[in-house]
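So this one's work-v7.tsv, TSV, C-alpha atoms:
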```
chain	number	residue	atom	x	y	z
A	1	MET	CA	172.98	148.47	196.13
A	2	LYS	CA	170.08	146.62	197.69
A	3	TYR	CA	167.18	145.30	195.63
A	4	ARG	CA	163.47	144.82	196.29
A	5	LEU	CA	160.62	143.20	194.39
A	6	LEU	CA	158.29	145.54	192.53
A	7	GLY	CA	155.11	143.97	193.84
A	8	ARG	CA	153.95	140.96	191.86
A	9	THR	CA	155.81	141.92	188.68
A	10	GLY	CA	158.74	139.67	189.54
A	11	TYR	CA	161.08	142.61	188.79
A	12	GLU	CA	163.92	142.74	191.32
A	13	ILE	CA	164.81	146.42	191.21
A	14	SER	CA	167.26	148.72	192.96
A	15	GLU	CA	165.75	150.27	196.08
A	16	ILE	CA	167.10	153.58	194.81
A	17	GLY	CA	166.26	154.15	191.17
A	18	LEU	CA	166.65	157.18	188.97
A	19	GLY	CA	163.96	159.69	188.11
A	20	THR	CA	164.67	161.52	184.86
A	21	TRP	CA	162.49	164.62	184.95
A	22	GLN	CA	165.70	166.67	184.78
A	23	VAL	CA	167.23	164.57	181.99
A	24	GLY	CA	166.39	166.63	178.94
A	25	GLY	CA	166.36	169.95	180.78
A	26	ARG	CA	163.00	170.73	182.34
A	27	TRP	CA	164.06	172.56	185.48
A	28	GLY	CA	165.03	175.86	183.94
A	29	ASP	CA	168.58	174.99	182.92
A	30	PRO	CA	169.90	173.96	179.51
A	31	PHE	CA	170.83	170.32	179.25
A	32	SER	CA	173.04	168.32	176.91
A	33	ASP	CA	173.03	164.74	175.65
A	34	GLU	CA	176.49	164.35	177.16
A	35	THR	CA	175.26	165.30	180.63
A	36	ALA	CA	172.23	163.06	180.30
A	37	ASP	CA	174.40	160.12	179.29
A	38	LYS	CA	176.81	160.71	182.18
A	39	ILE	CA	173.97	160.75	184.70
A	40	LEU	CA	172.41	157.57	183.33
A	41	HIS	CA	175.69	155.68	182.99
A	42	THR	CA	176.77	156.70	186.49
A	43	ALA	CA	173.54	155.34	187.95
A	44	ILE	CA	173.81	152.04	186.11
A	45	ASP	CA	177.52	151.70	186.91
A	46	HIS	CA	176.60	151.81	190.59
A	47	GLY	CA	173.82	149.25	190.54
A	48	VAL	CA	170.72	151.23	189.58
A	49	ASN	CA	168.55	149.04	187.37
A	50	PHE	CA	165.26	150.95	187.51
A	51	ILE	CA	164.87	154.14	185.48
A	52	ASP	CA	161.69	156.18	185.46
A	53	THR	CA	160.93	158.59	182.62
A	54	ALA	CA	157.90	160.03	180.80
A	55	ASP	CA	157.03	161.17	177.30
A	56	VAL	CA	156.68	164.79	178.46
A	57	TYR	CA	160.00	165.00	180.29
A	58	GLY	CA	162.42	167.36	178.61
A	59	ASN	CA	162.34	170.73	176.92
A	60	ALA	CA	160.60	168.96	174.03
A	61	ILE	CA	158.40	165.87	173.91
A	62	GLY	CA	160.43	162.69	174.23
A	63	GLU	CA	163.86	164.15	175.05
A	64	SER	CA	164.21	162.23	178.29
A	65	GLU	CA	162.84	159.01	176.78
A	66	THR	CA	165.27	159.31	173.86
A	67	ALA	CA	168.22	159.65	176.25
A	68	VAL	CA	167.06	156.74	178.40
A	69	GLY	CA	166.58	154.50	175.39
A	70	ARG	CA	169.96	155.43	173.95
A	71	VAL	CA	171.83	154.53	177.14
A	72	VAL	CA	169.84	151.41	178.00
A	73	ARG	CA	170.42	149.98	174.52
A	74	SER	CA	174.15	150.50	174.97
A	75	ARG	CA	174.33	148.49	178.19
A	76	SER	CA	174.46	144.75	178.73
A	77	GLU	CA	172.81	144.84	182.16
A	78	ARG	CA	169.10	144.17	182.65
A	79	ILE	CA	167.64	147.64	183.12
A	80	TYR	CA	163.95	148.05	183.86
A	81	VAL	CA	162.48	151.06	182.07
A	82	ALA	CA	159.31	152.72	183.26
A	83	THR	CA	157.70	155.51	181.31
A	84	LYS	CA	154.39	157.33	181.46
A	85	CYS	CA	151.66	158.56	179.15
A	86	GLY	CA	148.66	160.87	179.22
A	87	ARG	CA	150.10	164.26	180.12
A	88	GLN	CA	150.32	165.26	176.48
A	89	ILE	CA	146.54	165.53	176.46
A	90	ASN	CA	145.71	169.22	176.19
A	91	PRO	CA	143.58	170.39	177.85
A	92	HIS	CA	144.38	167.71	180.41
A	93	VAL	CA	140.83	166.57	181.11
A	94	ASN	CA	139.02	163.28	181.50
A	95	GLU	CA	137.44	163.48	178.05
A	96	GLY	CA	140.86	163.57	176.41
A	97	TYR	CA	141.69	160.09	177.69
A	98	THR	CA	140.71	157.66	174.94
A	99	PRO	CA	142.00	154.19	174.07
A	100	ALA	CA	143.20	155.46	170.70
A	101	ALA	CA	145.17	158.36	172.17
A	102	LEU	CA	146.83	156.24	174.84
A	103	THR	CA	147.71	153.50	172.37
A	104	GLN	CA	149.39	156.06	170.14
A	105	TYR	CA	151.38	157.46	173.06
A	106	VAL	CA	152.69	153.99	173.91
A	107	GLU	CA	153.70	153.36	170.30
A	108	ASP	CA	155.44	156.75	170.17
A	109	SER	CA	157.39	155.96	173.33
A	110	LEU	CA	158.53	152.64	171.92
A	111	ARG	CA	159.68	154.36	168.77
A	112	ARG	CA	161.62	157.05	170.61
A	113	MET	CA	163.33	154.64	172.99
A	114	GLN	CA	163.81	152.02	170.24
A	115	LEU	CA	162.92	149.25	172.65
A	116	GLU	CA	161.02	146.07	171.81
A	117	THR	CA	158.70	146.45	174.79
A	118	ILE	CA	158.12	148.76	177.75
A	119	ASP	CA	158.70	147.10	181.11
A	120	LEU	CA	156.26	149.39	182.92
A	121	ILE	CA	153.90	151.92	181.37
A	122	GLN	CA	152.17	154.26	183.82
A	123	LEU	CA	149.17	156.50	183.47
A	124	HIS	CA	150.65	159.92	184.24
A	125	CYS	CA	148.56	161.53	186.98
A	126	PRO	CA	145.28	161.55	185.06
A	127	PRO	CA	142.20	163.40	186.33
A	128	THR	CA	140.43	161.50	189.10
A	129	GLU	CA	137.51	160.59	186.81
A	130	VAL	CA	139.80	158.44	184.64
A	131	TYR	CA	140.26	155.95	187.49
A	132	TYR	CA	136.56	155.17	187.27
A	133	ARG	CA	136.65	154.20	183.58
A	134	PRO	CA	137.35	150.47	183.12
A	135	GLU	CA	137.80	150.84	179.34
A	136	ILE	CA	140.96	152.87	179.91
A	137	PHE	CA	142.55	150.08	181.94
A	138	GLU	CA	141.35	147.44	179.46
A	139	THR	CA	143.31	149.29	176.76
A	140	PHE	CA	146.55	148.37	178.48
A	141	SER	CA	145.57	144.72	178.75
A	142	ARG	CA	145.34	144.66	174.96
A	143	LEU	CA	148.72	146.38	174.65
A	144	GLN	CA	150.13	143.76	176.98
A	145	GLU	CA	148.70	140.96	174.83
A	146	GLN	CA	150.38	142.58	171.82
A	147	GLY	CA	153.73	142.59	173.63
A	148	LYS	CA	154.08	146.38	173.51
A	149	ILE	CA	154.09	146.63	177.29
A	150	GLN	CA	154.86	144.17	180.06
A	151	ARG	CA	153.15	145.75	183.07
A	152	LEU	CA	150.77	148.63	183.84
A	153	GLY	CA	151.15	151.08	186.68
A	154	VAL	CA	149.67	154.42	187.65
A	155	SER	CA	151.27	157.63	188.83
A	156	VAL	CA	148.85	159.37	191.17
A	157	GLU	CA	148.40	162.63	193.00
A	158	LYS	CA	145.99	161.43	195.70
A	159	VAL	CA	145.67	158.46	198.01
A	160	GLU	CA	142.05	158.11	196.83
A	161	GLU	CA	143.29	157.58	193.28
A	162	ALA	CA	145.85	155.02	194.38
A	163	LEU	CA	143.24	152.99	196.25
A	164	LYS	CA	140.87	153.02	193.27
A	165	ALA	CA	143.63	152.12	190.81
A	166	ILE	CA	144.65	148.96	192.64
A	167	SER	CA	141.10	147.64	192.33
A	168	TYR	CA	141.95	146.91	188.67
A	169	THR	CA	143.61	143.51	188.39
A	170	ASN	CA	146.10	144.60	185.73
A	171	VAL	CA	147.54	147.47	187.81
A	172	ALA	CA	150.86	146.23	189.19
A	173	SER	CA	152.37	149.40	190.67
A	174	VAL	CA	151.57	152.83	192.01
A	175	GLN	CA	153.89	155.81	191.88
A	176	ILE	CA	153.11	158.31	194.61
A	177	ILE	CA	154.61	161.29	196.44
A	178	PHE	CA	155.85	160.22	199.85
A	179	ASN	CA	158.47	161.89	202.00
A	180	ILE	CA	159.09	163.50	205.39
A	181	PHE	CA	156.69	166.29	204.34
A	182	ARG	CA	154.03	164.01	202.79
A	183	GLN	CA	153.37	161.14	205.19
A	184	ARG	CA	149.74	160.23	204.52
A	185	PRO	CA	150.47	157.33	202.11
A	186	ALA	CA	152.07	155.42	205.01
A	187	GLU	CA	148.64	155.04	206.53
A	188	LEU	CA	145.94	153.08	204.68
A	189	PHE	CA	147.52	153.01	201.23
A	190	PHE	CA	150.76	151.25	202.17
A	191	GLU	CA	148.77	148.65	204.07
A	192	GLN	CA	146.53	147.99	201.05
A	193	ALA	CA	149.47	147.93	198.63
A	194	GLN	CA	151.14	145.18	200.65
A	195	ARG	CA	147.88	143.26	200.94
A	196	HIS	CA	147.41	143.31	197.15
A	197	ASP	CA	151.12	142.84	196.34
A	198	ILE	CA	151.36	146.20	194.57
A	199	GLY	CA	154.72	147.75	193.83
A	200	VAL	CA	155.20	151.22	195.33
A	201	ILE	CA	157.42	153.72	193.54
A	202	VAL	CA	158.12	156.86	195.57
A	203	ARG	CA	158.67	160.12	193.73
A	204	VAL	CA	159.50	163.66	194.91
A	205	PRO	CA	161.44	162.21	197.86
A	206	LEU	CA	163.27	165.48	198.55
A	207	ALA	CA	160.23	167.75	198.21
A	208	SER	CA	161.62	169.46	195.09
A	209	GLY	CA	164.90	170.10	196.89
A	210	LEU	CA	163.49	171.52	200.13
A	211	LEU	CA	164.73	168.47	202.01
A	212	THR	CA	168.26	168.89	200.73
A	213	GLY	CA	168.66	171.79	203.13
A	214	LYS	CA	170.37	173.93	200.51
A	215	PHE	CA	167.59	176.51	200.03
A	216	THR	CA	167.07	179.73	201.98
A	217	ARG	CA	164.50	182.50	201.96
A	218	GLU	CA	166.76	184.32	199.51
A	219	SER	CA	166.97	181.41	197.04
A	220	THR	CA	165.61	182.14	193.56
A	221	PHE	CA	164.55	179.86	190.73
A	222	GLY	CA	164.54	180.42	186.99
A	223	ALA	CA	161.39	181.51	185.20
A	224	ASP	CA	161.14	178.08	183.55
A	225	ASP	CA	161.57	176.19	186.83
A	226	HIS	CA	158.36	174.79	188.29
A	227	ARG	CA	159.60	175.84	191.75
A	228	HIS	CA	159.10	179.39	190.51
A	229	PHE	CA	155.89	179.20	188.48
A	230	ASN	CA	153.90	176.32	190.01
A	231	ARG	CA	153.83	177.00	193.73
A	232	ASP	CA	150.10	177.66	193.55
A	233	GLY	CA	149.38	175.00	190.92
A	234	ALA	CA	149.36	177.31	187.90
A	235	ALA	CA	150.66	174.59	185.54
A	236	PHE	CA	149.91	171.28	187.27
A	237	ASP	CA	149.03	169.93	190.71
A	238	LYS	CA	150.76	172.14	193.27
A	239	GLY	CA	151.55	169.04	195.31
A	240	GLU	CA	154.32	168.29	192.81
A	241	THR	CA	156.15	171.50	193.83
A	242	PHE	CA	157.74	171.38	197.30
A	243	SER	CA	155.24	168.57	197.98
A	244	GLY	CA	152.57	171.24	198.36
A	245	VAL	CA	154.20	172.70	201.47
A	246	PRO	CA	154.33	176.52	201.59
A	247	TYR	CA	157.96	177.41	200.96
A	248	ASN	CA	158.71	179.33	204.15
A	249	ILE	CA	156.89	176.74	206.27
A	250	GLY	CA	159.07	174.08	204.70
A	251	LEU	CA	162.22	176.04	205.47
A	252	ASP	CA	161.18	176.33	209.13
A	253	ALA	CA	160.64	172.57	209.29
A	254	VAL	CA	164.03	171.93	207.67
A	255	ASP	CA	165.63	174.09	210.37
A	256	GLN	CA	164.02	171.88	213.00
A	257	LEU	CA	165.28	168.76	211.27
A	258	ARG	CA	168.77	170.23	211.25
A	259	GLU	CA	168.50	170.99	214.95
A	260	HIS	CA	167.55	167.42	215.82
A	261	PHE	CA	169.81	165.67	213.32
A	262	ASN	CA	172.99	167.63	213.97
A	263	ASN	CA	175.57	167.22	211.17
A	264	VAL	CA	173.46	164.64	209.32
A	265	ASN	CA	173.23	164.87	205.53
A	266	LEU	CA	169.55	165.73	205.01
A	267	VAL	CA	169.39	164.05	201.60
A	268	HIS	CA	170.50	160.75	203.11
A	269	LEU	CA	168.10	161.24	206.02
A	270	ALA	CA	165.15	161.90	203.70
A	271	LEU	CA	165.85	158.87	201.50
A	272	ARG	CA	166.57	156.62	204.51
A	273	TYR	CA	163.23	157.62	206.02
A	274	ILE	CA	161.39	156.47	202.89
A	275	LEU	CA	163.30	153.19	202.61
A	276	LEU	CA	162.44	152.24	206.20
A	277	HIS	CA	158.88	151.59	205.01
A	278	GLU	CA	158.60	147.97	203.86
A	279	ALA	CA	155.80	148.73	201.40
A	280	VAL	CA	158.18	150.86	199.31
A	281	SER	CA	159.73	149.05	196.33
A	282	THR	CA	161.97	151.87	195.15
A	283	VAL	CA	162.51	155.59	195.52
A	284	ILE	CA	163.40	157.61	192.42
A	285	PRO	CA	165.29	160.82	193.20
A	286	GLY	CA	166.33	162.85	190.19
A	287	ALA	CA	169.75	164.24	189.41
A	288	SER	CA	171.06	167.15	187.38
A	289	ARG	CA	174.64	165.91	187.44
A	290	PRO	CA	176.46	162.61	188.14
A	291	GLU	CA	177.64	163.75	191.58
A	292	GLN	CA	174.04	163.98	192.74
A	293	VAL	CA	173.44	160.39	191.66
A	294	LEU	CA	176.36	159.22	193.79
A	295	SER	CA	175.20	161.25	196.79
A	296	ASN	CA	171.69	159.79	196.56
A	297	LEU	CA	172.99	156.23	196.46
A	298	VAL	CA	174.82	156.62	199.77
A	299	ALA	CA	171.41	156.45	201.47
A	300	SER	CA	171.09	152.77	200.60
A	301	ASP	CA	173.92	151.97	203.03
A	302	SER	CA	173.12	154.60	205.65
A	303	PRO	CA	172.28	153.30	209.14
A	304	PRO	CA	168.59	152.94	210.03
A	305	LEU	CA	166.85	155.66	212.00
A	306	SER	CA	166.18	155.09	215.66
A	307	LEU	CA	162.72	155.15	217.22
A	308	SER	CA	163.63	158.50	218.75
A	309	ASP	CA	164.57	159.84	215.32
A	310	MET	CA	161.34	158.62	213.76
A	311	ASN	CA	159.36	160.19	216.60
A	312	ALA	CA	161.14	163.49	216.05
A	313	ILE	CA	160.29	163.43	212.34
A	314	GLY	CA	156.69	162.60	213.17
A	315	ASP	CA	156.48	165.43	215.67
A	316	ILE	CA	157.85	168.00	213.20
A	317	TYR	CA	155.33	166.81	210.61
A	318	GLU	CA	152.42	167.00	213.05
A	319	ARG	CA	153.32	170.48	214.32
A	320	GLN	CA	154.56	172.19	211.16
A	321	ILE	CA	153.43	170.41	208.00
A	322	LYS	CA	150.33	168.25	208.42
A	323	GLU	CA	147.69	170.98	208.32
A	324	HIS	CA	149.00	172.19	204.96
A	325	VAL	CA	149.06	168.88	203.05
A	326	HIS	CA	147.51	165.90	204.80
A	327	HIS	CA	143.89	166.47	203.82
A	328	LEU	CA	144.64	167.49	200.22
A	329	TRP	CA	146.45	164.45	198.86
```

Would it be possible to restate this file's structure as structure tokens?
Amino acid sequence: MKYRLLGRTGYEISEIGLGTWQVGGRWGDPFSDETADKILHTAIDHGVNFIDTADVYGNAIGESETAVGRVVRSRSERIYVATKCGRQINPHVNEGYTPAALTQYVEDSLRRMQLETIDLIQLHCPPTEVYYRPEIFETFSRLQEQGKIQRLGVSVEKVEEALKAISYTNVASVQIIFNIFRQRPAELFFEQAQRHDIGVIVRVPLASGLLTGKFTRESTFGADDHRHFNRDGAAFDKGETFSGVPYNIGLDAVDQLREHFNNVNLVHLALRYILLHEAVSTVIPGASRPEQVLSNLVASDSPPLSLSDMNAIGDIYERQIKEHVHHLW
């Protein structure tokens, strides 16, 4: 495993971390504590020391956090835990974001994980208006002074939100969607993140599985799977589902990737593409079973892409994908 600094936090974290949206069972399938523990232990056993969770991950509030806390407490290694808050607000609107509510969410996360402090707390894709409210960001400075959190980050939907967030001096990291199908962050935002020494955490690296190459036009998803019910943004930002790319358009682009990268594992290709960008601190693919963790980690040692390969990826994006996503996020 290779490690990178998470911006100015001083945290030296694995360049491939673990996202735990699936841990707790939120993708339509039942999930067990035993499976969750196996996934988490497998990641840590193989050098992963950055785990990203959220209070809303799981079939019930806190299920993923509880699993993460349970495993981290059982290990002797230094594991950096990042969680998120704000998505419990219902309706999820600007007015629901108050210092009192956010403080309570942080305290609830600490209780569930049974940790003394949270290494990185992140605002969880709040409405754009929240980024223009200094009192919200000041709340986390007070929590930091109290020792309840160590660092503040934001998880964003849009580049605009990321650029506004890093204007606050206590924001140390930005979590953002970036992948072969969502390339806009590599423009202005990555440049500004490096200039301000901001950690960049990349989520949705496989475009909700599209970039694994395992889906077809006949593939189906369970009624509780966001890849079934959120393609048009019915539950949350549609950019979180297949990175906002229309499903059949994405499949066509995957076919073109296959044609160019003959016999290449698309998962490794997708993760390698992300890691080639120096601004990226870590990428956090999820896993529904331990074998997926091991497959993801292979990308850390995969050979770099050639200039010809990068040009081919850029050409596919320009011709097939860009018009559907670039201007929206």

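Atom pair atom CA of A:Val159 / atom CA of A:Gly199: separated by 14.6 Å.
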
>> Calculated over only C-alpha atoms, which of the candidates A:Phe178, A:Tyr132, A:Phe50, A:Phe190 has the smallest distance to A:Glu12?
In response: A:Phe50

>> Using all atoms listed in the file for the distances, tell me which of A:Ser208, A:Ser295, A:Gln192, A:Asn90 is nearest to A:Gln22.
In response: A:Ser208

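Going from atom CA of A:Ser155 over to atom CA of A:Phe242, you cover 17.4 Å.
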
> Skipping near chain neighbours, those fewer than 3 positions away, what residues fall within 12 Å of A:His277 using all atoms listed in the file, listed as a PyMOL selection string?
Replying inline: chain A and resi 4+15+178-180+183+185-187+190-191+193-194+200-202+271-274+280-283+304-305+310

>> Show me, as number ranges by chain, the residues that have an atom within 12 Å of stretch 255-257 of chain A when counting all atoms listed in the file, minus same-chain residues fewer than 4 positions from it.
In response: A: 180-181, 210-217, 248-251, 261-267, 269-270, 309-317, 319-321

Just the selected residues (C-alpha atoms), exported as a PDB file, in the coordinates of the input, please.
```pdb
ATOM      1  CA  ILE A 180     159.090 163.500 205.390  1.00  0.00           C
ATOM      2  CA  PHE A 181     156.690 166.290 204.340  1.00  0.00           C
ATOM      3  CA  LEU A 210     163.490 171.520 200.130  1.00  0.00           C
ATOM      4  CA  LEU A 211     164.730 168.470 202.010  1.00  0.00           C
ATOM      5  CA  THR A 212     168.260 168.890 200.730  1.00  0.00           C
ATOM      6  CA  GLY A 213     168.660 171.790 203.130  1.00  0.00           C
ATOM      7  CA  LYS A 214     170.370 173.930 200.510  1.00  0.00           C
ATOM      8  CA  PHE A 215     167.590 176.510 200.030  1.00  0.00           C
ATOM      9  CA  THR A 216     167.070 179.730 201.980  1.00  0.00           C
ATOM     10  CA  ARG A 217     164.500 182.500 201.960  1.00  0.00           C
ATOM     11  CA  ASN A 248     158.710 179.330 204.150  1.00  0.00           C
ATOM     12  CA  ILE A 249     156.890 176.740 206.270  1.00  0.00           C
ATOM     13  CA  GLY A 250     159.070 174.080 204.700  1.00  0.00           C
ATOM     14  CA  LEU A 251     162.220 176.040 205.470  1.00  0.00           C
ATOM     15  CA  PHE A 261     169.810 165.670 213.320  1.00  0.00           C
ATOM     16  CA  ASN A 262     172.990 167.630 213.970  1.00  0.00           C
ATOM     17  CA  ASN A 263     175.570 167.220 211.170  1.00  0.00           C
ATOM     18  CA  VAL A 264     173.460 164.640 209.320  1.00  0.00           C
ATOM     19  CA  ASN A 265     173.230 164.870 205.530  1.00  0.00           C
ATOM     20  CA  LEU A 266     169.550 165.730 205.010  1.00  0.00           C
ATOM     21  CA  VAL A 267     169.390 164.050 201.600  1.00  0.00           C
ATOM     22  CA  LEU A 269     168.100 161.240 206.020  1.00  0.00           C
ATOM     23  CA  ALA A 270     165.150 161.900 203.700  1.00  0.00           C
ATOM     24  CA  ASP A 309     164.570 159.840 215.320  1.00  0.00           C
ATOM     25  CA  MET A 310     161.340 158.620 213.760  1.00  0.00           C
ATOM     26  CA  ASN A 311     159.360 160.190 216.600  1.00  0.00           C
ATOM     27  CA  ALA A 312     161.140 163.490 216.050  1.00  0.00           C
ATOM     28  CA  ILE A 313     160.290 163.430 212.340  1.00  0.00           C
ATOM     29  CA  GLY A 314     156.690 162.600 213.170  1.00  0.00           C
ATOM     30  CA  ASP A 315     156.480 165.430 215.670  1.00  0.00           C
ATOM     31  CA  ILE A 316     157.850 168.000 213.200  1.00  0.00           C
ATOM     32  CA  TYR A 317     155.330 166.810 210.610  1.00  0.00           C
ATOM     33  CA  ARG A 319     153.320 170.480 214.320  1.00  0.00           C
ATOM     34  CA  GLN A 320     154.560 172.190 211.160  1.00  0.00           C
ATOM     35  CA  ILE A 321     153.430 170.410 208.000  1.00  0.00           C
TER      36      ILE A 321
END
```

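With distances restricted to all atoms listed in the file, A:Val71 is the closest residue to A:Thr35 from A:Val71, A:Ile51, A:Gly96, A:Lys148.
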
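Across the model, the gap from atom CA of A:Ser109 to atom CA of A:Asp55 is 6.6 Å.
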
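Residues surrounding A:Cys125 within 9 Å are Cys85, Gly86, Arg87, Gln122, Thr128, Val154, Ser155, Val156 and Glu157 of chain A [only C-alpha atoms; sequence separation below 3 positions excluded].
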
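Minimum atom-to-atom distances from A:Gln88, A:Ser32, A:Gln146, A:Ser74 to A:Tyr57 were compared using all atoms listed in the file, and the lowest value belongs to A:Gln88.
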
Do you know which residues are at most 10 Å from A:Val204 counting all atoms listed in the file, after dropping those on the same chain fewer than 5 positions away, and could you put them as a PDB file with C-alpha atoms, in the coordinates of the input?
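Saved result, out-v9.pdb, follows:
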```
ATOM      1  CA  GLY A  19     163.960 159.690 188.110  1.00  0.00           C
ATOM      2  CA  ILE A 176     153.110 158.310 194.610  1.00  0.00           C
ATOM      3  CA  ILE A 177     154.610 161.290 196.440  1.00  0.00           C
ATOM      4  CA  PHE A 178     155.850 160.220 199.850  1.00  0.00           C
ATOM      5  CA  ASN A 179     158.470 161.890 202.000  1.00  0.00           C
ATOM      6  CA  ARG A 182     154.030 164.010 202.790  1.00  0.00           C
ATOM      7  CA  GLY A 209     164.900 170.100 196.890  1.00  0.00           C
ATOM      8  CA  GLY A 239     151.550 169.040 195.310  1.00  0.00           C
ATOM      9  CA  GLU A 240     154.320 168.290 192.810  1.00  0.00           C
ATOM     10  CA  THR A 241     156.150 171.500 193.830  1.00  0.00           C
ATOM     11  CA  PHE A 242     157.740 171.380 197.300  1.00  0.00           C
ATOM     12  CA  SER A 243     155.240 168.570 197.980  1.00  0.00           C
ATOM     13  CA  VAL A 283     162.510 155.590 195.520  1.00  0.00           C
ATOM     14  CA  ILE A 284     163.400 157.610 192.420  1.00  0.00           C
ATOM     15  CA  PRO A 285     165.290 160.820 193.200  1.00  0.00           C
ATOM     16  CA  GLY A 286     166.330 162.850 190.190  1.00  0.00           C
TER      17      GLY A 286
END
```

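Take the candidates A:Tyr11, A:Tyr3, A:Phe221, A:Trp21 and check each one against A:Arg203 using only C-alpha atoms; the shortest distance goes to A:Trp21.
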
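Using all atoms listed in the file, the smallest distance between any of A:Glu135, A:His327, A:Gly17, A:Leu143 and A:Pro205 comes from A:Gly17.
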
>> So that I can see what lies close to A:Ile79, please list as an MDAnalysis selection string the residues with an atom at most 9 Å from it, counting all atoms listed in the file and leaving out residues fewer than 4 positions away in the same chain.
In response: chainID A and resid 13 44 48:51 72 75
